[in-house]
file data.pdb (PDB, C-alpha atoms)
ATOM      1  CA  MET A  16      66.765 130.719 178.974
ATOM      2  CA  PRO A  17      67.628 129.486 175.485
ATOM      3  CA  GLN A  18      64.332 127.645 175.218
ATOM      4  CA  ASP A  19      62.476 130.922 175.514
ATOM      5  CA  LEU A  20      64.273 132.562 172.601
ATOM      6  CA  PRO A  21      62.314 132.879 169.359
ATOM      7  CA  THR A  22      63.711 130.515 166.732
ATOM      8  CA  ASN A  23      64.698 133.321 164.346
ATOM      9  CA  THR A  24      67.372 134.579 166.748
ATOM     10  CA  THR A  25      69.159 131.213 166.844
ATOM     11  CA  PRO A  26      72.465 131.403 164.952
ATOM     12  CA  PRO A  27      72.245 129.388 161.717
ATOM     13  CA  ASP A  28      74.949 126.905 162.718
ATOM     14  CA  ALA A  29      73.896 126.400 166.308
ATOM     15  CA  GLY A  30      70.551 124.746 165.750
ATOM     16  CA  PRO A  31      69.736 121.578 167.606
ATOM     17  CA  LYS A  32      68.837 119.702 164.432
ATOM     18  CA  ARG A  33      72.316 119.583 162.853
ATOM     19  CA  SER A  34      73.379 116.061 161.916
ATOM     20  CA  PRO A  35      76.599 114.454 163.095
ATOM     21  CA  ASN A  36      79.194 114.713 160.325
ATOM     22  CA  ALA A  37      79.871 111.004 159.822
ATOM     23  CA  ALA A  38      81.949 111.519 156.659
ATOM     24  CA  LEU A  39      84.670 113.291 158.653
ATOM     25  CA  TRP A  40      84.988 110.530 161.228
ATOM     26  CA  LEU A  41      84.815 107.803 158.616
ATOM     27  CA  GLY A  42      87.485 109.563 156.545
ATOM     28  CA  CYS A  43      89.832 109.819 159.507
ATOM     29  CA  LEU A  44      89.231 106.176 160.478
ATOM     30  CA  ILE A  45      90.036 105.035 156.940
ATOM     31  CA  ALA A  46      93.215 107.152 156.941
ATOM     32  CA  LEU A  47      94.340 105.604 160.240
ATOM     33  CA  PHE A  48      93.534 102.143 158.906
ATOM     34  CA  ALA A  49      95.497 102.912 155.721
ATOM     35  CA  PHE A  50      98.463 103.822 157.919
ATOM     36  CA  LEU A  51      98.269 100.967 160.420
ATOM     37  CA  SER A  52      97.308  98.143 158.038
ATOM     38  CA  TYR A  53     100.525  98.100 156.015
ATOM     39  CA  ILE A  54     102.663  95.987 158.332
ATOM     40  CA  PRO A  55     100.064  93.482 159.602
ATOM     41  CA  ILE A  56      98.261  93.028 156.253
ATOM     42  CA  PHE A  57      99.662  94.493 153.047
ATOM     43  CA  ALA A  58     103.394  93.970 153.676
ATOM     44  CA  LYS A  59     102.716  90.222 153.711
ATOM     45  CA  TYR A  60     102.044  90.111 149.968
ATOM     46  CA  PRO A  61     104.734  91.223 147.483
ATOM     47  CA  SER A  62     102.137  92.798 145.161
ATOM     48  CA  THR A  63     100.935  95.189 147.862
ATOM     49  CA  ARG A  64     104.291  95.447 149.653
ATOM     50  CA  ASP A  65     106.780  96.613 147.026
ATOM     51  CA  MET A  66     104.522  99.427 145.854
ATOM     52  CA  PRO A  67     101.910 100.026 148.571
ATOM     53  CA  TRP A  68      99.120 100.962 146.147
ATOM     54  CA  ALA A  69      96.412  99.435 148.364
ATOM     55  CA  ASN A  70      97.341 101.785 151.201
ATOM     56  CA  PHE A  71      97.426 104.787 148.881
ATOM     57  CA  LEU A  72      93.999 103.816 147.546
ATOM     58  CA  LEU A  73      92.716 103.770 151.123
ATOM     59  CA  PHE A  74      94.285 107.183 151.775
ATOM     60  CA  ALA A  75      92.595 108.531 148.618
ATOM     61  CA  LEU A  76      89.255 107.170 149.799
ATOM     62  CA  ALA A  77      89.851 108.757 153.209
ATOM     63  CA  LEU A  78      90.561 112.148 151.609
ATOM     64  CA  VAL A  79      87.339 111.942 149.560
ATOM     65  CA  PHE A  80      85.324 111.340 152.738
ATOM     66  CA  LEU A  81      87.167 114.145 154.522
ATOM     67  CA  LEU A  82      86.528 116.594 151.670
ATOM     68  CA  VAL A  83      82.835 115.689 151.630
ATOM     69  CA  GLY A  84      82.754 116.116 155.408
ATOM     70  CA  LEU A  85      84.546 119.478 155.290
ATOM     71  CA  ARG A  86      82.180 120.766 152.597
ATOM     72  CA  ARG A  87      79.244 119.757 154.751
ATOM     73  CA  ALA A  88      80.771 121.300 157.882
ATOM     74  CA  PHE A  89      81.577 124.651 156.279
ATOM     75  CA  GLY A  90      79.216 124.835 153.281
ATOM     76  CA  GLN A  91      76.114 123.452 154.945
ATOM     77  CA  SER A  92      76.837 124.384 158.526
ATOM     78  CA  ASN A  93      73.122 124.811 159.197
ATOM     79  CA  LEU A  94      72.678 121.076 158.540
ATOM     80  CA  TYR A  95      75.969 119.486 159.641
ATOM     81  CA  ARG A  96      78.360 119.723 162.539
ATOM     82  CA  GLY A  97      82.118 119.415 162.252
ATOM     83  CA  LYS A  98      83.585 122.924 162.069
ATOM     84  CA  ILE A  99      85.950 122.079 164.900
ATOM     85  CA  ALA A 100      86.296 118.320 164.480
ATOM     86  CA  GLY A 101      86.723 118.616 160.703
ATOM     87  CA  PRO A 102      90.063 120.461 160.636
ATOM     88  CA  ILE A 103      91.388 118.352 163.518
ATOM     89  CA  LEU A 104      90.455 115.026 161.879
ATOM     90  CA  THR A 105      91.794 116.224 158.529
ATOM     91  CA  THR A 106      95.103 117.246 160.122
ATOM     92  CA  ILE A 107      95.440 113.824 161.794
ATOM     93  CA  SER A 108      94.708 112.088 158.487
ATOM     94  CA  VAL A 109      97.158 114.171 156.469
ATOM     95  CA  ALA A 110      99.806 113.644 159.161
ATOM     96  CA  ALA A 111      99.236 109.870 158.878
ATOM     97  CA  LEU A 112      99.677 110.092 155.096
ATOM     98  CA  VAL A 113     102.873 112.150 155.372
ATOM     99  CA  PHE A 114     104.339 109.836 158.010
ATOM    100  CA  PHE A 115     103.410 106.818 155.882
ATOM    101  CA  CYS A 116     105.158 108.283 152.817
ATOM    102  CA  VAL A 117     108.302 109.083 154.829
ATOM    103  CA  SER A 118     108.361 105.573 156.321
ATOM    104  CA  ILE A 119     107.796 103.849 152.992
ATOM    105  CA  PHE A 120     110.047 105.884 150.729
ATOM    106  CA  SER A 121     112.884 106.857 153.035
ATOM    107  CA  LEU A 122     113.378 104.716 156.139
ATOM    108  CA  GLY A 123     114.102 101.453 154.299
ATOM    109  CA  LYS A 124     116.570 102.952 151.868
ATOM    110  CA  HIS A 125     119.571 103.528 154.086
ATOM    111  CA  LEU A 126     121.333 100.385 152.925
ATOM    112  CA  PRO A 127     125.053 100.387 152.160
ATOM    113  CA  PRO A 128     125.840 100.120 148.426
ATOM    114  CA  SER A 129     127.784  96.786 148.420
ATOM    115  CA  THR A 130     129.966  97.819 145.487
ATOM    116  CA  GLN A 131     132.617  95.202 146.348
ATOM    117  CA  ALA A 132     130.165  92.289 146.409
ATOM    118  CA  PRO A 133     131.199  89.413 144.133
ATOM    119  CA  LYS A 134     129.657  89.717 140.661
ATOM    120  CA  VAL A 135     127.737  87.299 138.452
ATOM    121  CA  GLY A 136     130.255  85.019 136.728
ATOM    122  CA  GLN A 137     132.795  85.288 139.545
ATOM    123  CA  LYS A 138     133.714  82.505 141.922
ATOM    124  CA  ALA A 139     131.706  82.665 145.149
ATOM    125  CA  PRO A 140     134.088  83.152 148.104
ATOM    126  CA  ASP A 141     134.200  79.957 150.168
ATOM    127  CA  PHE A 142     133.383  80.039 153.846
ATOM    128  CA  ALA A 143     133.191  77.836 156.932
ATOM    129  CA  LEU A 144     130.382  78.684 159.360
ATOM    130  CA  ALA A 145     128.535  76.931 162.180
ATOM    131  CA  ASP A 146     125.028  75.643 161.464
ATOM    132  CA  THR A 147     122.254  75.415 164.077
ATOM    133  CA  SER A 148     123.766  72.251 165.561
ATOM    134  CA  GLY A 149     127.184  73.890 165.851
ATOM    135  CA  ALA A 150     128.715  71.785 163.036
ATOM    136  CA  THR A 151     130.991  73.612 160.599
ATOM    137  CA  VAL A 152     129.557  73.944 157.089
ATOM    138  CA  THR A 153     131.557  75.123 154.069
ATOM    139  CA  LEU A 154     130.245  76.356 150.727
ATOM    140  CA  ALA A 155     132.132  73.498 149.058
ATOM    141  CA  SER A 156     130.408  70.952 151.289
ATOM    142  CA  LEU A 157     126.992  72.512 150.627
ATOM    143  CA  LEU A 158     127.595  72.227 146.881
ATOM    144  CA  SER A 159     128.933  68.685 146.985
ATOM    145  CA  THR A 160     126.278  67.214 149.300
ATOM    146  CA  PRO A 161     123.366  65.839 147.238
ATOM    147  CA  ILE A 162     119.874  66.991 148.242
ATOM    148  CA  THR A 163     118.621  63.398 148.149
ATOM    149  CA  ALA A 164     120.337  60.204 147.105
ATOM    150  CA  SER A 165     118.935  60.575 143.579
ATOM    151  CA  GLN A 166     119.087  64.373 143.307
ATOM    152  CA  PRO A 167     122.471  66.085 143.115
ATOM    153  CA  THR A 168     122.833  69.699 144.239
ATOM    154  CA  LYS A 169     122.847  72.001 141.224
ATOM    155  CA  GLY A 170     123.345  75.115 143.275
ATOM    156  CA  VAL A 171     122.674  76.970 146.517
ATOM    157  CA  VAL A 172     121.038  80.324 147.166
ATOM    158  CA  LEU A 173     122.937  82.192 149.869
ATOM    159  CA  ILE A 174     120.375  84.338 151.654
ATOM    160  CA  PHE A 175     121.939  86.990 153.848
ATOM    161  CA  TYR A 176     119.408  88.408 156.278
ATOM    162  CA  ARG A 177     119.444  90.881 159.120
ATOM    163  CA  GLY A 178     118.716  88.332 161.811
ATOM    164  CA  TYR A 179     117.208  88.900 165.212
ATOM    165  CA  TRP A 180     120.474  89.591 167.104
TER     166      TRP A 180
ATOM    167  CA  MET B  19     115.075  71.438 141.078
ATOM    168  CA  GLY B  20     118.315  70.732 142.797
ATOM    169  CA  VAL B  21     118.920  74.158 144.310
ATOM    170  CA  LYS B  22     118.909  74.567 148.085
ATOM    171  CA  PRO B  23     118.562  77.742 150.144
ATOM    172  CA  VAL B  24     121.124  78.582 152.816
ATOM    173  CA  ALA B  25     120.481  81.423 155.258
ATOM    174  CA  ILE B  26     123.329  83.444 156.784
ATOM    175  CA  SER B  27     123.121  86.029 159.569
ATOM    176  CA  VAL B  28     124.943  87.201 162.681
ATOM    177  CA  ASP B  29     122.518  85.248 164.886
ATOM    178  CA  SER B  30     124.048  82.545 167.076
ATOM    179  CA  PRO B  31     123.330  78.881 166.256
ATOM    180  CA  ALA B  32     120.971  78.778 169.265
ATOM    181  CA  GLU B  33     118.990  81.820 168.058
ATOM    182  CA  SER B  34     118.743  80.366 164.554
ATOM    183  CA  ARG B  35     117.683  77.020 166.009
ATOM    184  CA  ASP B  36     114.818  78.760 167.846
ATOM    185  CA  LEU B  37     113.834  80.563 164.648
ATOM    186  CA  CYS B  38     113.861  77.346 162.585
ATOM    187  CA  HIS B  39     111.879  75.576 165.261
ATOM    188  CA  LYS B  40     109.229  78.323 165.415
ATOM    189  CA  ALA B  41     108.983  78.963 161.676
ATOM    190  CA  GLY B  42     109.458  75.380 160.510
ATOM    191  CA  TYR B  43     112.470  76.087 158.283
ATOM    192  CA  THR B  44     114.347  72.917 157.393
ATOM    193  CA  TYR B  45     117.229  74.297 155.313
ATOM    194  CA  PRO B  46     120.639  75.242 156.765
ATOM    195  CA  PHE B  47     120.952  78.401 158.854
ATOM    196  CA  LEU B  48     124.564  79.476 159.286
ATOM    197  CA  SER B  49     125.927  81.737 161.967
ATOM    198  CA  ASP B  50     128.420  84.498 161.165
ATOM    199  CA  PRO B  51     128.666  86.411 164.471
ATOM    200  CA  ASN B  52     131.973  88.089 163.540
ATOM    201  CA  THR B  53     130.575  89.180 160.130
ATOM    202  CA  GLU B  54     133.626  87.608 158.487
ATOM    203  CA  VAL B  55     131.715  86.053 155.582
ATOM    204  CA  ILE B  56     129.215  88.913 155.491
ATOM    205  CA  ARG B  57     132.145  91.293 154.873
ATOM    206  CA  ARG B  58     133.685  88.919 152.314
ATOM    207  CA  TYR B  59     130.464  89.263 150.302
ATOM    208  CA  ASP B  60     130.371  93.024 151.028
ATOM    209  CA  VAL B  61     126.881  92.866 152.489
ATOM    210  CA  LEU B  62     127.737  94.388 155.873
ATOM    211  CA  HIS B  63     125.326  96.932 157.280
ATOM    212  CA  LYS B  64     127.434  98.734 159.849
ATOM    213  CA  GLY B  65     125.764  99.546 163.141
ATOM    214  CA  ALA B  66     122.281  98.672 161.905
ATOM    215  CA  GLY B  67     121.585  96.063 164.563
ATOM    216  CA  VAL B  68     120.416  96.417 168.134
ATOM    217  CA  ASN B  69     122.891  98.518 170.192
ATOM    218  CA  GLY B  70     124.747  99.458 167.007
ATOM    219  CA  HIS B  71     125.897  95.926 166.210
ATOM    220  CA  ASP B  72     127.021  95.248 162.659
ATOM    221  CA  ILE B  73     124.615  92.977 160.796
ATOM    222  CA  ALA B  74     124.040  91.744 157.247
ATOM    223  CA  ARG B  75     121.959  93.752 154.814
ATOM    224  CA  PRO B  76     119.394  91.643 152.910
ATOM    225  CA  ALA B  77     121.046  90.046 149.851
ATOM    226  CA  GLU B  78     120.753  86.843 147.822
ATOM    227  CA  PHE B  79     123.432  85.065 145.746
ATOM    228  CA  LEU B  80     122.725  82.016 143.584
ATOM    229  CA  VAL B  81     125.826  79.835 143.290
ATOM    230  CA  ASP B  82     126.024  76.927 140.818
ATOM    231  CA  SER B  83     127.601  73.549 141.557
ATOM    232  CA  ALA B  84     130.954  74.758 140.187
ATOM    233  CA  GLY B  85     130.957  77.553 142.765
ATOM    234  CA  THR B  86     130.247  80.326 140.238
ATOM    235  CA  ILE B  87     127.771  83.095 141.064
ATOM    236  CA  ARG B  88     124.882  83.012 138.604
ATOM    237  CA  TRP B  89     122.380  85.493 139.978
ATOM    238  CA  ILE B  90     122.472  88.268 142.601
ATOM    239  CA  ASN B  91     119.800  90.328 144.249
ATOM    240  CA  LEU B  92     121.022  93.354 146.206
ATOM    241  CA  THR B  93     117.912  95.233 147.189
ATOM    242  CA  ASP B  94     118.107  98.993 147.719
ATOM    243  CA  ASP B  95     115.080  98.926 150.001
ATOM    244  CA  LEU B  96     114.556  96.903 153.178
ATOM    245  CA  ARG B  97     110.905  96.422 152.291
ATOM    246  CA  VAL B  98     111.628  95.003 148.853
ATOM    247  CA  ARG B  99     113.293  91.582 148.969
ATOM    248  CA  ALA B 100     113.723  88.913 146.312
ATOM    249  CA  ARG B 101     110.418  87.161 145.763
ATOM    250  CA  PRO B 102     110.172  83.372 145.799
ATOM    251  CA  ASP B 103     109.157  83.422 142.113
ATOM    252  CA  GLN B 104     112.270  85.457 141.195
ATOM    253  CA  MET B 105     114.524  83.011 143.030
ATOM    254  CA  LEU B 106     112.764  80.022 141.480
ATOM    255  CA  GLN B 107     113.139  81.517 138.022
ATOM    256  CA  ALA B 108     116.878  82.039 138.555
ATOM    257  CA  ALA B 109     117.187  78.544 140.019
ATOM    258  CA  SER B 110     115.324  76.887 137.156
ATOM    259  CA  ALA B 111     117.573  78.647 134.640
ATOM    260  CA  LEU B 112     120.467  77.038 136.497
ATOM    261  CA  ALA B 113     118.803  73.616 136.663
ATOM    262  CA  SER B 114     118.229  73.514 132.894
ATOM    263  CA  HIS B 115     121.951  73.900 132.148
TER     264      HIS B 115
END
call {"tool": "encode", "arguments": {"input": "data.pdb", "output": "structure tokens"}}
result
Amino acid sequence: MPQDLPTNTTPPDAGPKRSPNAALWLGCLIALFAFLSYIPIFAKYPSTRDMPWANFLLFALALVFLLVGLRRAFGQSNLYRGKIAGPILTTISVAALVFFCVSIFSLGKHLPPSTQAPKVGQKAPDFALADTSGATVTLASLLSTPITASQPTKGVVLIFYRGYW
Amino acid sequence: MGVKPVAISVDSPAESRDLCHKAGYTYPFLSDPNTEVIRRYDVLHKGAGVNGHDIARPAEFLVDSAGTIRWINLTDDLRVRARPDQMLQAASALASH
């Protein structure tokens, strides 16, 4: 029975007193949060959307926790657990970082070049399209209709967007 | 400042009406289901919609009252669109003329 064994025969990393390696789990949680938080939180604000520095900061923090946890798991294995969980959690975290980088820096960039788009200084091509009530609206009519009785229209911003199809 | 936004997509008038109703947009939303105008402005994104439909790529054109284009934003990244402050800056430059 294990209880009957003298304590000096217990392997150094199998003792019952080893602490849970919280740094590893915390690191992995932060990495997953860094990955999942971009769309619901940070993409809402241009300053954290265009260059996702907040998410990279979170990933850096996650890696610090993971490194601390791995050092504890392998360097102080008599005190801390995590020799199995550590590599697994670190792999998950690094995979989240890699997938995040691919999504951010590659997936959004497959836009056509639009080399034939009208240039600044050129006449904007006129058009006639249906608005939400089905009425036909032309660029000329948009430009000639005053915004209010006292405020003439000085210009329009045409915003092309992907839509919801 | 005398400059109004106009949104253009392949969505039908009914879909845009739902969107305006939900989001509270009050400016015109125009429907270009055949991508005729989208192609005229060369902002077509072929096959990028659901089931490979052609749709518009994100793009913004500021047109002055004489019909001349004064500012363009053609993003190279779906995530990075014109910011309201950029549009307002371009619009105020127009308004001061």
call {"tool": "closest_atom_pairs", "arguments": {"input": "data.pdb", "of": "chain A", "to": "chain B", "cutoff": "8 Å", "atoms": "only C-alpha atoms", "output": "JSON lines"}}
result
{"residue": "A:Pro61", "atom": "CA", "partner": "B:Arg101", "partner_atom": "CA", "distance": 7.2}
{"residue": "A:Arg64", "atom": "CA", "partner": "B:Arg97", "partner_atom": "CA", "distance": 7.2}
{"residue": "A:Asp65", "atom": "CA", "partner": "B:Val98", "partner_atom": "CA", "distance": 5.4}
{"residue": "A:Gly123", "atom": "CA", "partner": "B:Leu96", "partner_atom": "CA", "distance": 4.7}
{"residue": "A:Lys124", "atom": "CA", "partner": "B:Asp95", "partner_atom": "CA", "distance": 4.7}
{"residue": "A:His125", "atom": "CA", "partner": "B:Asp95", "partner_atom": "CA", "distance": 7.6}
{"residue": "A:Leu126", "atom": "CA", "partner": "B:Asp94", "partner_atom": "CA", "distance": 6.3}
{"residue": "A:Pro127", "atom": "CA", "partner": "B:His63", "partner_atom": "CA", "distance": 6.2}
{"residue": "A:Pro128", "atom": "CA", "partner": "B:Asp94", "partner_atom": "CA", "distance": 7.8}
{"residue": "A:Ser129", "atom": "CA", "partner": "B:Asp60", "partner_atom": "CA", "distance": 5.3}
{"residue": "A:Thr130", "atom": "CA", "partner": "B:Asp60", "partner_atom": "CA", "distance": 7.3}
{"residue": "A:Gln131", "atom": "CA", "partner": "B:Asp60", "partner_atom": "CA", "distance": 5.6}
{"residue": "A:Ala132", "atom": "CA", "partner": "B:Asp60", "partner_atom": "CA", "distance": 4.7}
{"residue": "A:Pro133", "atom": "CA", "partner": "B:Tyr59", "partner_atom": "CA", "distance": 6.2}
{"residue": "A:Lys134", "atom": "CA", "partner": "B:Ile87", "partner_atom": "CA", "distance": 6.9}
{"residue": "A:Val135", "atom": "CA", "partner": "B:Ile87", "partner_atom": "CA", "distance": 4.9}
{"residue": "A:Gly136", "atom": "CA", "partner": "B:Ile87", "partner_atom": "CA", "distance": 5.4}
{"residue": "A:Gln137", "atom": "CA", "partner": "B:Thr86", "partner_atom": "CA", "distance": 5.6}
{"residue": "A:Lys138", "atom": "CA", "partner": "B:Thr86", "partner_atom": "CA", "distance": 4.4}
{"residue": "A:Ala139", "atom": "CA", "partner": "B:Thr86", "partner_atom": "CA", "distance": 5.6}
{"residue": "A:Pro140", "atom": "CA", "partner": "B:Arg58", "partner_atom": "CA", "distance": 7.2}
{"residue": "A:Phe142", "atom": "CA", "partner": "B:Val55", "partner_atom": "CA", "distance": 6.5}
{"residue": "A:Leu144", "atom": "CA", "partner": "B:Leu48", "partner_atom": "CA", "distance": 5.9}
{"residue": "A:Ala145", "atom": "CA", "partner": "B:Ser49", "partner_atom": "CA", "distance": 5.5}
{"residue": "A:Asp146", "atom": "CA", "partner": "B:Leu48", "partner_atom": "CA", "distance": 4.4}
{"residue": "A:Thr147", "atom": "CA", "partner": "B:Pro31", "partner_atom": "CA", "distance": 4.2}
{"residue": "A:Ser148", "atom": "CA", "partner": "B:Pro31", "partner_atom": "CA", "distance": 6.7}
{"residue": "A:Gly149", "atom": "CA", "partner": "B:Pro31", "partner_atom": "CA", "distance": 6.3}
{"residue": "A:Val152", "atom": "CA", "partner": "B:Leu48", "partner_atom": "CA", "distance": 7.8}
{"residue": "A:Ala155", "atom": "CA", "partner": "B:Gly85", "partner_atom": "CA", "distance": 7.6}
{"residue": "A:Leu158", "atom": "CA", "partner": "B:Ser83", "partner_atom": "CA", "distance": 5.5}
{"residue": "A:Ser159", "atom": "CA", "partner": "B:Ser83", "partner_atom": "CA", "distance": 7.4}
{"residue": "A:Ile162", "atom": "CA", "partner": "B:Gly20", "partner_atom": "CA", "distance": 6.8}
{"residue": "A:Gln166", "atom": "CA", "partner": "B:Gly20", "partner_atom": "CA", "distance": 6.4}
{"residue": "A:Pro167", "atom": "CA", "partner": "B:Gly20", "partner_atom": "CA", "distance": 6.2}
{"residue": "A:Thr168", "atom": "CA", "partner": "B:Gly20", "partner_atom": "CA", "distance": 4.9}
{"residue": "A:Lys169", "atom": "CA", "partner": "B:Gly20", "partner_atom": "CA", "distance": 5.0}
{"residue": "A:Gly170", "atom": "CA", "partner": "B:Asp82", "partner_atom": "CA", "distance": 4.1}
{"residue": "A:Val171", "atom": "CA", "partner": "B:Lys22", "partner_atom": "CA", "distance": 4.7}
{"residue": "A:Val172", "atom": "CA", "partner": "B:Leu80", "partner_atom": "CA", "distance": 4.3}
{"residue": "A:Leu173", "atom": "CA", "partner": "B:Val24", "partner_atom": "CA", "distance": 5.0}
{"residue": "A:Ile174", "atom": "CA", "partner": "B:Glu78", "partner_atom": "CA", "distance": 4.6}
{"residue": "A:Phe175", "atom": "CA", "partner": "B:Ile26", "partner_atom": "CA", "distance": 4.8}
{"residue": "A:Tyr176", "atom": "CA", "partner": "B:Pro76", "partner_atom": "CA", "distance": 4.7}
{"residue": "A:Arg177", "atom": "CA", "partner": "B:Ala74", "partner_atom": "CA", "distance": 5.0}
{"residue": "A:Gly178", "atom": "CA", "partner": "B:Ser27", "partner_atom": "CA", "distance": 5.5}
{"residue": "A:Tyr179", "atom": "CA", "partner": "B:Asp29", "partner_atom": "CA", "distance": 6.5}
{"residue": "A:Trp180", "atom": "CA", "partner": "B:Asp29", "partner_atom": "CA", "distance": 5.3}
call {"tool": "write_last_selection", "arguments": {"input": "data.pdb", "atoms": "C-alpha atoms", "output": "tab-separated table (two decimals), keeping the file's coordinate frame"}}
result
chain	number	residue	atom	x	y	z
A	61	PRO	CA	104.73	91.22	147.48
A	64	ARG	CA	104.29	95.45	149.65
A	65	ASP	CA	106.78	96.61	147.03
A	123	GLY	CA	114.10	101.45	154.30
A	124	LYS	CA	116.57	102.95	151.87
A	125	HIS	CA	119.57	103.53	154.09
A	126	LEU	CA	121.33	100.38	152.93
A	127	PRO	CA	125.05	100.39	152.16
A	128	PRO	CA	125.84	100.12	148.43
A	129	SER	CA	127.78	96.79	148.42
A	130	THR	CA	129.97	97.82	145.49
A	131	GLN	CA	132.62	95.20	146.35
A	132	ALA	CA	130.16	92.29	146.41
A	133	PRO	CA	131.20	89.41	144.13
A	134	LYS	CA	129.66	89.72	140.66
A	135	VAL	CA	127.74	87.30	138.45
A	136	GLY	CA	130.26	85.02	136.73
A	137	GLN	CA	132.79	85.29	139.54
A	138	LYS	CA	133.71	82.50	141.92
A	139	ALA	CA	131.71	82.66	145.15
A	140	PRO	CA	134.09	83.15	148.10
A	142	PHE	CA	133.38	80.04	153.85
A	144	LEU	CA	130.38	78.68	159.36
A	145	ALA	CA	128.54	76.93	162.18
A	146	ASP	CA	125.03	75.64	161.46
A	147	THR	CA	122.25	75.42	164.08
A	148	SER	CA	123.77	72.25	165.56
A	149	GLY	CA	127.18	73.89	165.85
A	152	VAL	CA	129.56	73.94	157.09
A	155	ALA	CA	132.13	73.50	149.06
A	158	LEU	CA	127.60	72.23	146.88
A	159	SER	CA	128.93	68.68	146.99
A	162	ILE	CA	119.87	66.99	148.24
A	166	GLN	CA	119.09	64.37	143.31
A	167	PRO	CA	122.47	66.08	143.12
A	168	THR	CA	122.83	69.70	144.24
A	169	LYS	CA	122.85	72.00	141.22
A	170	GLY	CA	123.34	75.11	143.28
A	171	VAL	CA	122.67	76.97	146.52
A	172	VAL	CA	121.04	80.32	147.17
A	173	LEU	CA	122.94	82.19	149.87
A	174	ILE	CA	120.38	84.34	151.65
A	175	PHE	CA	121.94	86.99	153.85
A	176	TYR	CA	119.41	88.41	156.28
A	177	ARG	CA	119.44	90.88	159.12
A	178	GLY	CA	118.72	88.33	161.81
A	179	TYR	CA	117.21	88.90	165.21
A	180	TRP	CA	120.47	89.59	167.10
call {"tool": "atom_distance", "arguments": {"input": "data.pdb", "atom1": "atom CA of A:Leu41", "atom2": "atom CA of A:Pro55"}}
result
20.9 Å
call {"tool": "atom_distance", "arguments": {"input": "data.pdb", "atom1": "atom CA of A:Leu51", "atom2": "atom CA of A:Ala38"}}
result
19.8 Å
call {"tool": "closest_residue", "arguments": {"input": "data.pdb", "among": "A:Thr151, A:Ser156, A:Ser118, A:Thr105", "to": "A:Leu39", "atoms": "all atoms listed in the file"}}
result
A:Thr105
call {"tool": "atom_distance", "arguments": {"input": "data.pdb", "atom1": "atom CA of A:Tyr60", "atom2": "atom CA of A:Phe115"}}
result
17.8 Å
call {"tool": "axis_aligned_box", "arguments": {"input": "data.pdb", "around": "stretch 81-99 of chain B", "padding_each_side": "8 Å", "output": "AutoDock Vina command-line options"}}
result
--center_x 120.9 --center_y 86.3 --center_z 145.9 --size_x 36.1 --size_y 41.4 --size_z 30.6
